[in-house]
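**Q** Take a look at this one; I'll ask things after.
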Number of protein chains: 2
Amino acid sequence: MAKAGKENRKDHIQEAAQRLFRENGYSATSMSDLANEVGIEAASLYSHIESKEEILRTICFEMADQFFDGLASVEDAGLPEDKKLELAIASHIEVIALNRSASAVFFHDSRHLGEPYHSDFKLMRRRYENYFKKIIERGIEQKIFRCVDSTFTVRTLFSAMNWTYAWHGSGKNDTPEIITKKITSLILEGLSKK
Amino acid sequence: MAKAGKENRKDHIQEAAQRLFRENGYSATSMSDLANEVGIEAASLYSHIESKEEILRTICFEMADQFFDGLASVEDAGLPEDKKLELAIASHIEVIALNRSASAVFFHDSRHLGEPYHSDFKLMRRRYENYFKKIIERGIEQKIFRCVDSTFTVRTLFSAMNWTYAWHGSGKNDTPEIITKKITSLILEGLSKK
DNA sequence: CCTACCGATCGGTAGG
DNA sequence: CCTACCGATCGGTAGG
């Protein structure tokens, strides 16, 4: 109720777009698919948005902001690197869990961003991944971590984290906290016994 | 030289399609893009192929065959489960390394397969992943592996393996053998020292 | 937010 | 393998 329903029409469009883009991909989703989902004519979408690409842009850069915001709390206390890594993983997983559709679009469709945006996007992502990489490298220097290839390790870590958007909620054993624990445990301790 | 250049025109089309689909995605690649890459008119493609989707189908199912073929050698000797897992990982990584573009398409665009094919595809993938899962579960029973969530672990393993198609050959430190060693080591032993 | 409509491009066919 | 062409749909604009 209340007098809502006004300026959140744009949000409604964004949200529907996230779902459709996730399911069929950005390129395979037409503006008329989107209009249909929202319940208006395709041409009417343009009263609220500027272009199809603007929708994608909004999704990608809002996700990027959320990922960066999550890191703010990691640096706070002077924690050891393995604890920092665990906090950073927890933040990343939580952002994904709170935005599953947008995450899927972020990971799969950012390549369809137009130009200057695509380059900006890649720079931000690289900066973000470097943050994790530095943690691993400092951990190695401090002999907390084994002497691994940090570039390889951080990529593997991200690929492990970034598919969790596909989790389809089989119940309660997939909260962000539990996922974080499983990933952290596997990456830090490995599969082998002892 | 030689009298080649005849029935491998279809292969030429398939190969060009793999590159284009990988770079821009299946949906964002048009038949005229493909024709342009091959050097003929768009309409002429249909002398060699049946439809755009047939190209995708061929890519996806040929990859699936290669992945399954790779498993044949794993069962051979009565190896312990951790060695089997390593062999299976090595096979998977090698198939990807030998078919980077096709792998990218396999992982990203199989969802655009039409219907009965998409269901068949998902069944095969599930069977394949189950093979790895069983290894992990037997390893746990035999106390070779820690008592982990096997579903979660196998998914994490696949996400770690399946991004390696994106490797862009920075030199010689990314042969299939070295990648396999790094992944196996990280998954089995973990990042923590001691 | 709609009707009416745009030029461009889509995957694909006919016929040679 | 090409020319000629198909109906459908694409993202988007004009004007109200």
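Chain identifiers are assigned as A, B, and so on, following the order in which chains appear in the structure tokens; residues are numbered from 1 within each chain, and ligands are numbered from 1 in order of appearance.
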Chain B near chain D within 9 Å: what's each residue's closest atom pair and its distance in Å to one decimal, counting only C-alpha atoms (C1' of nucleotides), ordered by chain then ascending residue number, as JSON lines?
**A**
{"residue": "B:Ile40", "atom": "CA", "partner": "D:DC1", "partner_atom": "C1'", "distance": 7.8}
{"residue": "B:Glu41", "atom": "CA", "partner": "D:DC2", "partner_atom": "C1'", "distance": 7.6}
{"residue": "B:Ala43", "atom": "CA", "partner": "D:DC2", "partner_atom": "C1'", "distance": 8.4}
{"residue": "B:Ser44", "atom": "CA", "partner": "D:DC1", "partner_atom": "C1'", "distance": 5.8}
{"residue": "B:Leu45", "atom": "CA", "partner": "D:DC1", "partner_atom": "C1'", "distance": 8.8}
{"residue": "B:Ser47", "atom": "CA", "partner": "D:DC1", "partner_atom": "C1'", "distance": 7.9}
**Q** Mind running a least-squares superposition of chain B onto chain A over all the C-alpha atoms, in order, and reading off the RMSD?
**A** 0.1 Å
**Q** For the contact check between chain A and chain B, emit one row per residue of chain A within 8 Å, containing the shortest atom pair and the distance in Å rounded to one decimal, counting only C-alpha atoms, chain then rising number order, as a Markdown table.
**A**
| residue | atom | partner | partner_atom | distance |
| --- | --- | --- | --- | --- |
| A:Asn24 | CA | B:Arg111 | CA | 7.9 |
| A:Ser27 | CA | B:Ala28 | CA | 5.7 |
| A:Ala28 | CA | B:Ser27 | CA | 5.7 |
| A:Arg111 | CA | B:Asn24 | CA | 7.8 |
| A:His112 | CA | B:Asn24 | CA | 7.9 |
| A:Lys143 | CA | B:Lys193 | CA | 7.0 |
| A:Ile144 | CA | B:Lys193 | CA | 5.8 |
| A:Phe145 | CA | B:Ser192 | CA | 4.6 |
| A:Arg146 | CA | B:Lys193 | CA | 4.8 |
| A:Val148 | CA | B:Leu191 | CA | 7.6 |
| A:Phe152 | CA | B:Lys182 | CA | 7.9 |
| A:Thr153 | CA | B:Leu186 | CA | 7.8 |
| A:Thr156 | CA | B:Ala160 | CA | 5.1 |
| A:Leu157 | CA | B:Ala160 | CA | 7.6 |
| A:Ser159 | CA | B:Ser159 | CA | 5.5 |
| A:Ala160 | CA | B:Thr156 | CA | 5.1 |
| A:Trp163 | CA | B:Ser159 | CA | 6.8 |
| A:Lys182 | CA | B:Phe152 | CA | 7.9 |
| A:Leu186 | CA | B:Gly190 | CA | 6.6 |
| A:Ile187 | CA | B:Gly190 | CA | 5.0 |
| A:Leu188 | CA | B:Leu191 | CA | 4.5 |
| A:Glu189 | CA | B:Gly190 | CA | 4.4 |
| A:Gly190 | CA | B:Gly190 | CA | 3.8 |
| A:Leu191 | CA | B:Leu188 | CA | 4.5 |
| A:Ser192 | CA | B:Phe145 | CA | 4.6 |
| A:Lys193 | CA | B:Arg146 | CA | 4.8 |
| A:Lys194 | CA | B:Arg146 | CA | 8.0 |
**Q** Report the distance between CA of Cys60 in chain A and CA of Glu115 in chain A in Å, rounded to one decimal place.
**A** 13.8 Å
**Q** Run DSSP on the backbone and give me the residues of range 2-189 of chain A it puts in alpha helix (DSSP H), as a PyMOL selection string.
**A** chain A and resi 9-24+31-38+52-71+81-98+100-109+117-141+150-162+176-189
**Q** How many Å lie between CA of Lys10 in chain A and CA of His48 in chain A, rounded to one decimal?
**A**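 The value is 5.8 Å.
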**Q** Skipping near chain neighbours, those fewer than 6 positions away, what residues fall within 12 Å of Lys84 in chain A using only C-alpha atoms (C1' of nucleotides), listed as a list in words?
**A** Leu71, Ala72, Ser73, Val74, Glu75, Asp76, Ala77, Gly78, Ala90, Ser91, Tyr131, Phe132, Lys133, Lys134, Ile135, Ile136, Arg138, Gly139, Ile144 and Thr184 of chain A
**Q** What is the CA of Ile93 in chain B to CA of Ala64 in chain B distance in Å?
**A**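 Between CA of Ile93 in chain B and CA of Ala64 in chain B the gap works out to 13.3 Å.
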